[in-house]
>>> print(open('model_8.tsv').read())   # TSV, C-alpha atoms and all ligand atoms
chain	number	residue	atom	x	y	z
M	1	MET	CA	0.00	0.00	0.00
M	2	GLU	CA	1.18	3.51	-0.79
M	3	ASN	CA	2.95	5.15	2.17
M	4	LYS	CA	1.29	8.23	3.52
M	5	ILE	CA	2.20	11.06	5.82
M	6	ILE	CA	-0.37	11.52	8.57
M	7	SER	CA	-0.21	14.59	10.77
M	8	ILE	CA	-1.78	14.74	14.21
M	9	ILE	CA	-2.26	18.21	15.66
M	10	GLY	CA	-2.82	17.92	19.41
M	11	LEU	CA	-1.10	14.93	20.96
M	12	GLY	CA	-3.30	14.45	24.02
M	13	LEU	CA	-5.56	11.59	25.06
M	14	ILE	CA	-7.55	11.57	21.81
M	15	GLY	CA	-4.81	12.52	19.33
M	16	GLY	CA	-2.34	10.13	20.98
M	17	SER	CA	-4.82	7.23	20.99
M	18	ILE	CA	-5.69	7.84	17.34
M	19	ALA	CA	-2.00	7.95	16.41
M	20	LEU	CA	-1.41	4.62	18.14
M	21	GLY	CA	-4.36	3.10	16.24
M	22	ILE	CA	-2.97	4.38	12.93
M	23	LYS	CA	0.45	2.91	13.65
M	24	ARG	CA	-1.14	-0.41	14.60
M	25	ALA	CA	-2.96	-0.78	11.28
M	26	HIS	CA	-0.53	1.08	9.01
M	27	PRO	CA	3.02	0.61	10.31
M	28	ASP	CA	4.36	1.96	6.99
M	29	TYR	CA	2.66	5.32	7.31
M	30	GLN	CA	4.66	8.14	8.81
M	31	VAL	CA	2.89	9.83	11.73
M	32	ILE	CA	4.02	13.38	12.41
M	33	GLY	CA	2.91	15.28	15.49
M	34	TYR	CA	2.44	18.92	16.39
M	35	ASP	CA	1.46	20.22	19.82
M	36	THR	CA	1.90	23.62	21.42
M	37	SER	CA	2.90	21.94	24.68
M	38	GLU	CA	6.51	20.86	24.86
M	39	LYS	CA	5.59	18.32	27.52
M	40	SER	CA	3.02	16.67	25.23
M	41	ARG	CA	5.53	16.62	22.37
M	42	THR	CA	8.24	15.01	24.51
M	43	ILE	CA	5.93	12.34	25.91
M	44	ALA	CA	4.47	11.59	22.48
M	45	MET	CA	7.96	11.03	21.09
M	46	GLU	CA	9.12	8.99	24.08
M	47	ARG	CA	6.07	6.74	23.94
M	48	GLY	CA	6.47	6.18	20.20
M	49	ILE	CA	3.08	7.78	19.54
M	50	VAL	CA	4.58	9.73	16.64
M	51	ASP	CA	7.53	9.08	14.34
M	52	ASP	CA	8.51	12.71	14.11
M	53	LEU	CA	7.60	16.13	15.46
M	54	VAL	CA	7.36	19.62	14.05
M	55	THR	CA	7.23	22.84	16.05
M	56	ASP	CA	5.57	24.89	13.35
M	57	LEU	CA	2.39	24.12	11.42
M	58	LYS	CA	3.98	25.36	8.22
M	59	ASP	CA	6.46	22.45	8.31
M	60	LEU	CA	3.65	19.92	8.43
M	61	ALA	CA	0.97	21.41	6.18
M	62	PRO	CA	2.57	20.96	2.72
M	63	ILE	CA	3.70	17.35	3.26
M	64	SER	CA	0.60	15.82	4.89
M	65	ASP	CA	-1.79	13.46	3.08
M	66	ILE	CA	-4.21	13.48	6.02
M	67	ILE	CA	-4.36	15.98	8.90
M	68	ILE	CA	-6.19	15.10	12.11
M	69	ILE	CA	-6.79	17.97	14.51
M	70	ALA	CA	-7.23	16.63	18.04
M	71	ALA	CA	-6.91	19.88	19.98
M	72	PRO	CA	-9.62	21.47	22.20
M	73	ILE	CA	-12.53	23.05	20.29
M	74	LYS	CA	-11.41	26.69	20.20
M	75	PRO	CA	-7.84	25.90	19.15
M	76	THR	CA	-9.28	23.53	16.53
M	77	ILE	CA	-11.13	26.45	14.96
M	78	ASP	CA	-7.97	28.61	15.04
M	79	ILE	CA	-5.92	25.80	13.50
M	80	LEU	CA	-8.39	25.42	10.61
M	81	LYS	CA	-7.95	29.13	9.89
M	82	GLN	CA	-4.16	28.89	10.16
M	83	LEU	CA	-4.04	25.91	7.79
M	84	ASP	CA	-5.86	27.94	5.17
M	85	ASP	CA	-2.92	30.37	5.10
M	86	LEU	CA	-0.46	27.56	4.41
M	87	ASP	CA	0.50	25.39	1.44
M	88	LEU	CA	-1.47	22.15	1.50
M	89	LYS	CA	-1.29	19.06	-0.72
M	90	ASP	CA	-3.92	18.89	-3.41
M	91	GLN	CA	-6.91	16.90	-2.04
M	92	VAL	CA	-5.44	16.56	1.45
M	93	ILE	CA	-8.04	15.26	3.93
M	94	ILE	CA	-8.52	17.39	7.04
M	95	THR	CA	-10.60	16.12	9.95
M	96	ASP	CA	-10.97	16.90	13.66
M	97	THR	CA	-12.11	15.21	16.87
M	98	GLY	CA	-14.01	18.01	18.65
M	99	SER	CA	-16.96	17.05	20.84
M	100	THR	CA	-19.23	19.52	19.01
M	101	LYS	CA	-19.54	19.60	15.27
M	102	SER	CA	-21.71	22.37	13.72
M	103	GLU	CA	-19.38	25.26	14.46
M	104	ILE	CA	-16.25	23.37	13.39
M	105	VAL	CA	-17.83	22.09	10.16
M	106	ALA	CA	-19.14	25.58	9.35
M	107	VAL	CA	-15.67	27.09	9.86
M	108	GLY	CA	-14.04	24.31	7.78
M	109	GLU	CA	-16.52	24.84	4.94
M	110	SER	CA	-15.99	28.57	4.98
M	111	VAL	CA	-12.19	28.78	5.30
M	112	PHE	CA	-11.47	26.07	2.73
M	113	ALA	CA	-14.24	27.06	0.30
M	114	ASN	CA	-11.80	27.94	-2.46
M	115	ARG	CA	-9.17	25.31	-1.75
M	116	SER	CA	-8.71	21.90	-3.33
M	117	ILE	CA	-8.94	20.04	-0.06
M	118	ARG	CA	-11.33	17.58	1.55
M	119	PHE	CA	-12.80	18.22	4.98
M	120	VAL	CA	-14.97	16.07	7.26
M	121	GLY	CA	-15.82	16.57	10.94
M	122	GLY	CA	-15.19	13.76	13.40
M	123	HIS	CA	-16.12	12.86	16.97
M	124	PRO	CA	-14.77	9.65	18.50
M	125	MET	CA	-17.23	8.88	21.28
M	126	ALA	CA	-15.01	7.47	23.98
M	127	GLY	CA	-12.98	9.24	26.58
M	128	SER	CA	-11.46	9.10	29.99
M	129	HIS	CA	-11.10	11.37	33.00
M	130	LYS	CA	-7.41	11.44	32.14
M	131	SER	CA	-5.87	13.71	29.56
M	132	GLY	CA	-2.59	14.16	27.73
M	133	PRO	CA	-0.41	11.73	25.79
M	134	LEU	CA	0.49	9.66	28.87
M	135	ALA	CA	-3.15	8.53	28.95
M	136	ALA	CA	-3.25	7.68	25.22
M	137	ASP	CA	-4.38	4.10	24.72
M	138	VAL	CA	-4.76	2.10	21.54
M	139	THR	CA	-7.83	0.34	22.95
M	140	LEU	CA	-9.66	3.58	23.86
M	141	PHE	CA	-12.08	3.46	20.93
M	142	GLU	CA	-12.60	-0.28	20.58
M	143	ASN	CA	-16.27	-0.86	19.67
M	144	ALA	CA	-17.09	2.78	20.46
M	145	TYR	CA	-18.96	4.97	18.00
M	146	TYR	CA	-16.77	7.18	15.84
M	147	ILE	CA	-19.03	9.81	14.31
M	148	LEU	CA	-18.14	11.44	11.01
M	149	THR	CA	-20.03	14.56	9.99
M	150	PRO	CA	-19.66	15.31	6.27
M	151	SER	CA	-19.28	18.85	4.95
M	152	VAL	CA	-19.70	20.26	1.46
M	153	LEU	CA	-16.00	19.48	1.08
M	154	THR	CA	-16.44	15.76	1.79
M	155	SER	CA	-16.14	14.37	-1.70
M	156	GLU	CA	-16.95	10.78	-2.56
M	157	GLY	CA	-14.49	8.32	-1.07
M	158	THR	CA	-13.26	10.69	1.67
M	159	ILE	CA	-15.06	8.90	4.49
M	160	GLU	CA	-13.93	5.48	3.26
M	161	GLU	CA	-10.32	6.74	3.25
M	162	ILE	CA	-10.61	7.97	6.83
M	163	GLN	CA	-12.22	4.73	7.95
M	164	ASP	CA	-9.37	2.81	6.33
M	165	LEU	CA	-6.81	5.03	8.04
M	166	LEU	CA	-8.50	4.54	11.41
M	167	THR	CA	-9.31	0.86	11.03
M	168	GLY	CA	-6.82	-0.02	13.81
M	169	LEU	CA	-9.03	1.75	16.36
M	170	ASN	CA	-11.68	-0.98	15.93
M	171	ALA	CA	-14.34	1.69	16.31
M	172	ARG	CA	-17.86	1.73	14.82
M	173	PHE	CA	-18.06	4.47	12.24
M	174	ILE	CA	-21.29	6.33	11.76
M	175	ARG	CA	-21.96	9.34	9.57
M	176	ILE	CA	-24.53	11.93	10.54
M	177	ASP	CA	-25.24	15.56	9.83
M	178	ALA	CA	-23.25	17.95	12.08
M	179	ASP	CA	-26.32	19.89	13.29
M	180	GLU	CA	-28.14	16.67	14.17
M	181	HIS	CA	-25.02	15.45	16.01
M	182	ASP	CA	-25.05	18.61	18.13
M	183	ARG	CA	-28.79	18.39	18.82
M	184	VAL	CA	-28.61	14.76	19.93
M	185	THR	CA	-25.47	15.21	22.03
M	186	SER	CA	-26.97	18.31	23.65
M	187	GLN	CA	-29.71	16.07	25.02
M	188	ILE	CA	-27.79	12.96	26.02
M	189	SER	CA	-24.41	14.42	26.91
M	190	HIS	CA	-24.08	18.21	27.19
M	191	PHE	CA	-27.27	18.94	29.15
M	192	PRO	CA	-26.69	16.04	31.61
M	193	HIS	CA	-23.30	17.58	32.43
M	194	ILE	CA	-25.04	20.85	33.30
M	195	LEU	CA	-27.58	19.02	35.42
M	196	ALA	CA	-24.90	17.02	37.26
M	197	ALA	CA	-22.88	20.16	37.97
M	198	SER	CA	-25.97	22.09	39.11
M	199	LEU	CA	-27.07	19.28	41.40
M	200	MET	CA	-23.59	19.13	42.89
M	201	GLU	CA	-23.52	22.92	43.39
M	202	GLN	CA	-26.97	22.81	45.01
M	203	ALA	CA	-25.99	19.96	47.36
M	204	GLY	CA	-22.69	21.66	48.20
M	205	ASP	CA	-24.45	24.87	49.20
M	206	TYR	CA	-27.10	22.94	51.11
M	207	ALA	CA	-24.44	21.03	53.02
M	208	LEU	CA	-23.16	24.32	54.44
M	209	GLU	CA	-26.35	24.65	56.45
M	210	HIS	CA	-27.35	20.98	56.72
M	211	GLU	CA	-24.25	19.06	57.61
M	212	MET	CA	-25.85	15.60	57.30
M	213	THR	CA	-26.23	16.19	53.54
M	214	ASN	CA	-22.82	14.75	52.70
M	215	GLN	CA	-23.22	11.88	55.11
M	216	PHE	CA	-26.51	10.73	53.64
M	217	ALA	CA	-25.55	11.15	49.97
M	218	ALA	CA	-25.59	7.60	48.61
M	219	GLY	CA	-25.76	5.58	45.40
M	220	GLY	CA	-28.51	7.50	43.62
M	221	PHE	CA	-26.90	10.85	44.29
M	222	ARG	CA	-23.50	9.50	43.31
M	223	ASP	CA	-24.85	8.13	40.01
M	224	MET	CA	-26.57	11.43	39.22
M	225	THR	CA	-23.46	13.52	39.88
M	226	ARG	CA	-20.54	11.35	38.73
M	227	ILE	CA	-19.98	13.32	35.55
M	228	SER	CA	-19.65	16.57	37.49
M	229	GLU	CA	-16.01	15.46	37.97
M	230	SER	CA	-15.35	15.96	34.25
M	231	ASP	CA	-12.75	18.37	32.88
M	232	PRO	CA	-14.11	21.95	33.36
M	233	SER	CA	-12.22	23.40	30.39
M	234	MET	CA	-13.52	20.79	27.97
M	235	TRP	CA	-17.12	21.30	29.10
M	236	THR	CA	-16.84	25.09	29.01
M	237	SER	CA	-15.82	24.81	25.35
M	238	VAL	CA	-18.60	22.36	24.59
M	239	LEU	CA	-21.29	24.64	26.08
M	240	LEU	CA	-20.01	27.69	24.22
M	241	SER	CA	-19.80	25.78	20.96
M	242	ASN	CA	-23.34	24.37	21.07
M	243	LYS	CA	-25.31	27.25	22.60
M	244	THR	CA	-28.59	27.04	20.70
M	245	ALA	CA	-29.25	23.35	21.20
M	246	ILE	CA	-28.19	23.43	24.86
M	247	LEU	CA	-30.24	26.53	25.72
M	248	GLU	CA	-33.24	24.90	24.10
M	249	ARG	CA	-32.76	21.77	26.31
M	250	ILE	CA	-32.46	24.00	29.42
M	251	THR	CA	-35.73	25.79	28.62
M	252	ASP	CA	-37.48	22.50	27.93
M	253	PHE	CA	-36.25	21.13	31.26
M	254	GLN	CA	-37.31	24.23	33.17
M	255	ASP	CA	-40.84	23.69	31.78
M	256	ARG	CA	-40.76	20.08	32.90
M	257	LEU	CA	-39.66	21.03	36.43
M	258	ASP	CA	-42.41	23.64	36.58
M	259	ALA	CA	-44.94	20.99	35.54
M	260	VAL	CA	-43.82	18.60	38.30
M	261	ALA	CA	-43.87	21.40	40.85
M	262	LYS	CA	-47.45	22.14	39.82
M	263	LEU	CA	-48.46	18.50	40.31
M	264	ILE	CA	-46.94	18.56	43.81
M	265	VAL	CA	-48.77	21.79	44.70
M	266	GLN	CA	-51.99	20.21	43.44
M	267	SER	CA	-51.27	16.94	45.35
M	268	ASP	CA	-52.13	15.12	42.12
M	269	ASP	CA	-50.93	11.68	43.18
M	270	GLN	CA	-52.12	9.91	40.03
M	271	ALA	CA	-50.30	12.35	37.74
M	272	ILE	CA	-47.15	12.11	39.85
M	273	TRP	CA	-47.31	8.30	39.72
M	274	ASP	CA	-47.78	8.44	35.95
M	275	TYR	CA	-44.81	10.75	35.69
M	276	PHE	CA	-42.47	8.34	37.49
M	277	TYR	CA	-43.97	5.32	35.75
M	278	HIS	CA	-43.42	6.88	32.34
M	279	ALA	CA	-39.80	7.78	33.17
M	280	ARG	CA	-39.07	4.26	34.39
M	281	ASP	CA	-40.73	2.71	31.35
M	282	THR	CA	-38.80	4.98	28.99
M	283	ARG	CA	-35.48	4.14	30.61
M	284	GLN	CA	-36.16	0.44	30.56
M	285	GLN	CA	-36.79	0.61	26.83
M	286	MET	CA	-33.74	2.70	26.08
M	287	THR	CA	-30.60	0.84	25.05
M	288	ILE	CA	-28.24	2.63	27.37
M	289	HIS	CA	-25.46	1.07	29.36
M	290	LYS	CA	-27.19	-0.04	32.49
M	291	ARG	CA	-25.46	-1.36	35.55
M	292	GLY	CA	-25.91	-4.86	34.25
M	293	GLY	CA	-29.43	-4.78	35.68
M	294	VAL	CA	-28.25	-4.45	39.27
M	295	GLU	CA	-27.76	-1.50	41.54
M	296	SER	CA	-24.27	-2.26	42.73
M	297	SER	CA	-22.18	0.56	44.16
M	298	PHE	CA	-18.92	-1.35	43.78
M	299	ASP	CA	-17.95	-1.35	40.14
M	300	ILE	CA	-14.62	-1.42	38.41
M	301	PHE	CA	-14.15	-0.54	34.76
M	302	VAL	CA	-11.35	-2.14	32.77
M	303	ASP	CA	-10.01	-1.05	29.38
M	304	ILE	CA	-9.66	-4.35	27.60
M	305	PRO	CA	-8.69	-5.01	23.99
M	306	ASP	CA	-11.16	-6.75	21.70
M	307	LYS	CA	-9.31	-10.06	21.70
M	308	GLU	CA	-10.22	-13.67	22.25
M	309	ASP	CA	-10.24	-14.94	25.84
M	310	VAL	CA	-9.45	-11.56	27.44
M	311	ILE	CA	-12.55	-11.73	29.62
M	312	LEU	CA	-11.84	-15.34	30.53
M	313	ASP	CA	-8.30	-14.36	31.56
M	314	ILE	CA	-9.68	-11.60	33.76
M	315	LEU	CA	-12.22	-13.90	35.35
M	316	GLU	CA	-9.42	-16.35	36.07
M	317	LEU	CA	-7.60	-13.57	37.96
M	318	LEU	CA	-10.75	-12.96	39.98
M	319	ARG	CA	-11.09	-16.57	41.11
M	320	GLY	CA	-12.32	-16.63	44.71
M	321	ILE	CA	-13.74	-13.10	44.59
M	322	SER	CA	-17.51	-12.90	44.54
M	323	LEU	CA	-18.86	-11.02	41.49
M	324	VAL	CA	-22.36	-9.55	41.38
M	325	ASN	CA	-22.37	-8.82	37.66
M	326	ILE	CA	-20.28	-8.41	34.58
M	327	HIS	CA	-21.18	-6.15	31.72
M	328	ILE	CA	-19.61	-5.00	28.47
M	329	ASN	CA	-20.19	-1.32	27.75
M	330	GLU	CA	-20.19	-1.02	24.01
M	331	LYS	CA	-20.56	1.75	21.48
M	332	ASN	CA	-21.05	4.89	23.52
M	333	ARG	CA	-18.50	5.24	26.27
M	334	GLU	CA	-17.80	8.93	26.30
M	335	ASP	CA	-18.66	9.40	29.95
M	336	ILE	CA	-17.36	6.16	31.31
M	337	ASN	CA	-13.91	4.70	31.55
M	338	GLY	CA	-13.39	1.10	30.62
M	339	ILE	CA	-15.30	-1.22	28.38
M	340	LEU	CA	-15.61	-4.08	30.87
M	341	GLN	CA	-17.68	-3.29	33.95
M	342	ILE	CA	-17.51	-5.72	36.87
M	343	SER	CA	-19.71	-5.28	39.93
M	344	PHE	CA	-18.93	-6.54	43.41
M	345	LYS	CA	-20.86	-6.84	46.66
M	346	ASN	CA	-18.49	-4.79	48.74
M	347	ARG	CA	-15.44	-2.55	48.64
M	348	LYS	CA	-13.11	-5.26	49.93
M	349	ASP	CA	-13.87	-7.51	46.94
M	350	LEU	CA	-13.55	-4.55	44.60
M	351	GLU	CA	-10.11	-3.62	45.96
M	352	ARG	CA	-8.90	-7.23	45.71
M	353	ALA	CA	-10.09	-7.42	42.11
M	354	LYS	CA	-8.49	-4.12	41.18
M	355	GLN	CA	-5.18	-5.24	42.67
M	356	ALA	CA	-5.28	-8.63	40.92
M	357	ILE	CA	-6.00	-7.12	37.50
M	358	SER	CA	-3.46	-4.30	37.91
M	359	GLU	CA	-0.72	-6.69	39.05
M	360	HIS	CA	-1.18	-9.22	36.26
M	361	THR	CA	-2.16	-7.10	33.24
M	362	ASP	CA	-1.30	-3.71	31.83
M	363	TYR	CA	-4.97	-2.80	31.31
M	364	ASN	CA	-6.21	0.46	32.80
M	365	VAL	CA	-8.53	-0.20	35.75
M	366	TYR	CA	-10.83	2.53	37.00
M	367	ILE	CA	-13.18	2.92	39.93
M	368	ASN	CA	-15.76	5.59	39.16
Z	401	LIG	P1	-6.11	16.61	25.91
Z	401	LIG	O1	-6.08	17.74	26.86
Z	401	LIG	O2	-5.74	15.25	26.39
Z	401	LIG	O3	-5.17	16.95	24.66
Z	401	LIG	C1	-5.25	18.13	23.91
Z	401	LIG	C2	-3.86	18.41	23.36
Z	401	LIG	O4	-3.98	19.51	22.44
Z	401	LIG	C3	-2.86	18.84	24.43
Z	401	LIG	O5	-1.67	18.09	24.32
Z	401	LIG	C4	-2.62	20.32	24.13
Z	401	LIG	O6	-1.31	20.75	24.47
Z	401	LIG	C5	-2.88	20.36	22.65
Z	401	LIG	N1	-3.19	21.68	22.13
Z	401	LIG	C6	-3.92	22.67	22.70
Z	401	LIG	N2	-3.97	23.74	21.87
Z	401	LIG	C7	-3.25	23.41	20.78
Z	401	LIG	C8	-2.92	24.11	19.57
Z	401	LIG	N3	-3.37	25.33	19.34
Z	401	LIG	N4	-2.16	23.48	18.66
Z	401	LIG	C9	-1.70	22.22	18.88
Z	401	LIG	N5	-1.98	21.52	20.00
Z	401	LIG	C10	-2.74	22.12	20.93
Z	401	LIG	O7	-7.59	16.64	25.28
Z	401	LIG	P2	-8.35	15.44	24.57
Z	401	LIG	O8	-9.20	14.76	25.59
Z	401	LIG	O9	-7.38	14.66	23.77
Z	401	LIG	O10	-9.36	16.25	23.63
Z	401	LIG	C11	-9.00	16.65	22.32
Z	401	LIG	C12	-10.26	16.94	21.52
Z	401	LIG	O11	-11.05	15.75	21.46
Z	401	LIG	C13	-11.16	18.03	22.10
Z	401	LIG	O12	-11.65	18.80	21.05
Z	401	LIG	C14	-12.29	17.27	22.77
Z	401	LIG	O13	-13.50	18.02	22.68
Z	401	LIG	C15	-12.38	16.03	21.91
Z	401	LIG	N6	-12.88	14.83	22.58
Z	401	LIG	C16	-12.55	14.57	23.87
Z	401	LIG	C17	-13.05	13.43	24.50
Z	401	LIG	C18	-12.71	13.11	25.94
Z	401	LIG	O14	-13.50	12.49	26.62
Z	401	LIG	N7	-11.55	13.53	26.43
Z	401	LIG	C19	-13.87	12.54	23.79
Z	401	LIG	C20	-14.15	12.82	22.43
Z	401	LIG	C21	-13.64	13.97	21.85
>>> encode(input="model_8.tsv", output="structure tokens", more="lines below")
Ligand code: NAD
Amino acid sequence: MENKIISIIGLGLIGGSIALGIKRAHPDYQVIGYDTSEKSRTIAMERGIVDDLVTDLKDLAPISDIIIIAAPIKPTIDILKQLDDLDLKDQVIITDTGSTKSEIVAVGESVFANRSIRFVGGHPMAGSHKSGPLAADVTLFENAYYILTPSVLTSEGTIEEIQDLLTGLNARFIRIDADEHDRVTSQISHFPHILAASLMEQAGDYALEHEMTNQFAAGGFRDMTRISESDPSMWTSVLLSNKTAILERITDFQDRLDAVAKLIVQSDDQAIWDYFYHARDTRQQMTIHKRGGVESSFDIFVDIPDKEDVILDILELLRGISLVNIHINEKNREDINGILQISFKNRKDLERAKQAISEHTDYNVYIN
């Protein structure tokens, strides 16, 4: 196969993991990295994430066959504009990994309108609470959705070429319209982060006057607020890059809260019962990652590769430890770490399991 030069701009968790996936499937391709942080550049080189580095975009632009921008959203937009001022190969493919898509695709379409380049938005839907190239992991996207959002500059064959380039990620590629991507993610990802943060803020303030608040906070509260521990800078950028859809979800939710408040004021027990019943029914029919059907508070999440017998090997390590459930989180793992979820009855079992897996494998093990 023809050798290609692939440039990765932004060598953090996402850019680093993508680079490792490219090298796995295409060892003959040359992967060149650019990052404004010297620390990221050094780690990326030391870990063999890239074959070479540049310290100026103008050294990378004219030689690249494919450019992947894996920087935060605002820098991604700036980089698109900077690339337009530089020499680029005819028909180079430019793509990004930003968590929102409409703004980035609109900027790409506008800045490259008169250039002979191809541009497609991208959003790999898996992540971690960690960041930077030290956290980069070739298994990060295994079986996760990798969304591609075509632009007017996505000519025929572009998406197939990207999928071929990224085949080593073992992700599930899906193409959807950028605006629809942002609407759907505003509902199932962006707005829940606002809710989790607001609930946490509310409980924190309440705890100042009602000290038992923290003591009594248990599984349900923990589940509702887990994602409030996410990276503040990433979520600030997401909110500011998807304003319309998110504000619309906030207004809709305010109306729903008002409606419930009204039912409580009216003591309308039947309507309140219907409300909870409908929510439960809706959740049960939704194919989301559930806690394997059980409400265990003692879960570990393990990043495992999609290989034969991996789960059997892990179970062998857990011999003698009582498991409550085991579950594989597929497809959409943006807010959870680890594809394999194992639930235990108590913290002691969980700690033993974590130690056994960490000692005998190099898989990342998380406790959320
Ligand atoms: P990260 O912090 O791990 O890495 C970002 C890297 O970009 C850093 O090394 C940083 O130094 C570099 N960078 C910043 N500005 C730059 C610039 N102007 N030029 C070159 N490099 C620059 O972040 P990440 O988690 O890898 O996220 C990267 C992108 O992927 C973001 O747009 C984010 O929205 C998106 N994304 C993140 C997740 C997640 O869960 N972390 C999931 C899907 C998509």
>>> closest_residue(input="model_8.tsv", among="M:Ile32, M:Val105, M:Val54, M:Ile367", to="M:Thr149", atoms="only C-alpha atoms")
M:Val105
>>> residues_near_point(input="model_8.tsv", point="(-17.4, 5.7, 2.2)", cutoff="12 Å", atoms="only C-alpha atoms", output="PDB file with C-alpha atoms, keeping the file's coordinate frame")
ATOM      1  CA  VAL M 120     -14.970  16.070   7.260  1.00  0.00           C
ATOM      2  CA  LEU M 148     -18.140  11.440  11.010  1.00  0.00           C
ATOM      3  CA  PRO M 150     -19.660  15.310   6.270  1.00  0.00           C
ATOM      4  CA  THR M 154     -16.440  15.760   1.790  1.00  0.00           C
ATOM      5  CA  SER M 155     -16.140  14.370  -1.700  1.00  0.00           C
ATOM      6  CA  GLU M 156     -16.950  10.780  -2.560  1.00  0.00           C
ATOM      7  CA  GLY M 157     -14.490   8.320  -1.070  1.00  0.00           C
ATOM      8  CA  THR M 158     -13.260  10.690   1.670  1.00  0.00           C
ATOM      9  CA  ILE M 159     -15.060   8.900   4.490  1.00  0.00           C
ATOM     10  CA  GLU M 160     -13.930   5.480   3.260  1.00  0.00           C
ATOM     11  CA  GLU M 161     -10.320   6.740   3.250  1.00  0.00           C
ATOM     12  CA  ILE M 162     -10.610   7.970   6.830  1.00  0.00           C
ATOM     13  CA  GLN M 163     -12.220   4.730   7.950  1.00  0.00           C
ATOM     14  CA  ASP M 164      -9.370   2.810   6.330  1.00  0.00           C
ATOM     15  CA  PHE M 173     -18.060   4.470  12.240  1.00  0.00           C
ATOM     16  CA  ILE M 174     -21.290   6.330  11.760  1.00  0.00           C
ATOM     17  CA  ARG M 175     -21.960   9.340   9.570  1.00  0.00           C
TER      18      ARG M 175
END
>>> closest_residue(input="model_8.tsv", among="M:Leu169, M:Leu195, M:Ala71, M:Ile94", to="M:Met234", atoms="all atoms listed in the file")
M:Ala71
>>> closest_residue(input="model_8.tsv", among="M:Asp85, M:Glu201, M:Asp281, M:Asp252", to="M:Ser228", atoms="all atoms listed in the file")
M:Glu201
>>> residues_near_ligand(input="model_8.tsv", ligand="ligand LIG 401 (chain Z)", cutoff="8 Å", atoms="only C-alpha atoms and all ligand atoms", output="JSON, numbers by chain")
{"M": [9, 10, 11, 12, 13, 14, 15, 16, 34, 35, 36, 37, 38, 39, 40, 41, 69, 70, 71, 72, 73, 74, 75, 76, 78, 79, 96, 97, 98, 99, 100, 123, 124, 125, 126, 127, 128, 129, 130, 131, 132, 133, 135, 234, 237, 238, 334, 335]}
>>> atom_distance(input="model_8.tsv", atom1="atom CA of M:Asp274", atom2="atom CA of M:Leu257")
15.0 Å
>>> atom_distance(input="model_8.tsv", atom1="atom CA of M:Ala259", atom2="atom CA of M:Thr185")
24.4 Å
>>> atom_distance(input="model_8.tsv", atom1="atom CA of M:Thr95", atom2="atom CA of M:Tyr145")
16.1 Å
>>> closest_residue(input="model_8.tsv", among="M:Ala196, M:Ala271, M:Leu57, M:Val265", to="M:Leu83", atoms="only C-alpha atoms")
M:Leu57
>>> closest_residue(input="model_8.tsv", among="M:Leu247, M:Leu88, M:Val50, M:Lys81", to="M:Pro62", atoms="all atoms listed in the file")
M:Leu88
>>> residues_around(input="model_8.tsv", residues="stretch 356-362 of chain M", least_positions_apart="3", cutoff="10 Å", atoms="all atoms listed in the file", output="ChimeraX atom specification")
/M:302-304,313-319,350-353,365
>>> closest_residue(input="model_8.tsv", among="M:Pro192, M:Gly220, M:Gly121, M:Gly204", to="M:Asp177", atoms="all atoms listed in the file")
M:Gly121
>>> axis_aligned_box(input="model_8.tsv", around="stretch 225-244 of chain M", padding_each_side="8 Å", output="AutoDock Vina command-line options")
--center_x -20.4 --center_y 19.5 --center_z 30.3 --size_x 32.4 --size_y 32.3 --size_z 35.2
>>> residues_around(input="model_8.tsv", residues="M:Pro305", least_positions_apart="3", cutoff="8 Å", atoms="only C-alpha atoms", output="number ranges by chain")
M: 139, 142, 310
>>> residues_near_point(input="model_8.tsv", point="(-16.8, 26.2, 7.4)", cutoff="10 Å", atoms="only C-alpha atoms", output="PDB file with C-alpha atoms, keeping the file's coordinate frame")
ATOM      1  CA  ILE M  77     -11.130  26.450  14.960  1.00  0.00           C
ATOM      2  CA  LEU M  80      -8.390  25.420  10.610  1.00  0.00           C
ATOM      3  CA  LYS M  81      -7.950  29.130   9.890  1.00  0.00           C
ATOM      4  CA  SER M 102     -21.710  22.370  13.720  1.00  0.00           C
ATOM      5  CA  GLU M 103     -19.380  25.260  14.460  1.00  0.00           C
ATOM      6  CA  ILE M 104     -16.250  23.370  13.390  1.00  0.00           C
ATOM      7  CA  VAL M 105     -17.830  22.090  10.160  1.00  0.00           C
ATOM      8  CA  ALA M 106     -19.140  25.580   9.350  1.00  0.00           C
ATOM      9  CA  VAL M 107     -15.670  27.090   9.860  1.00  0.00           C
ATOM     10  CA  GLY M 108     -14.040  24.310   7.780  1.00  0.00           C
ATOM     11  CA  GLU M 109     -16.520  24.840   4.940  1.00  0.00           C
ATOM     12  CA  SER M 110     -15.990  28.570   4.980  1.00  0.00           C
ATOM     13  CA  VAL M 111     -12.190  28.780   5.300  1.00  0.00           C
ATOM     14  CA  PHE M 112     -11.470  26.070   2.730  1.00  0.00           C
ATOM     15  CA  ALA M 113     -14.240  27.060   0.300  1.00  0.00           C
ATOM     16  CA  PHE M 119     -12.800  18.220   4.980  1.00  0.00           C
ATOM     17  CA  SER M 151     -19.280  18.850   4.950  1.00  0.00           C
ATOM     18  CA  VAL M 152     -19.700  20.260   1.460  1.00  0.00           C
ATOM     19  CA  LEU M 153     -16.000  19.480   1.080  1.00  0.00           C
TER      20      LEU M 153
END
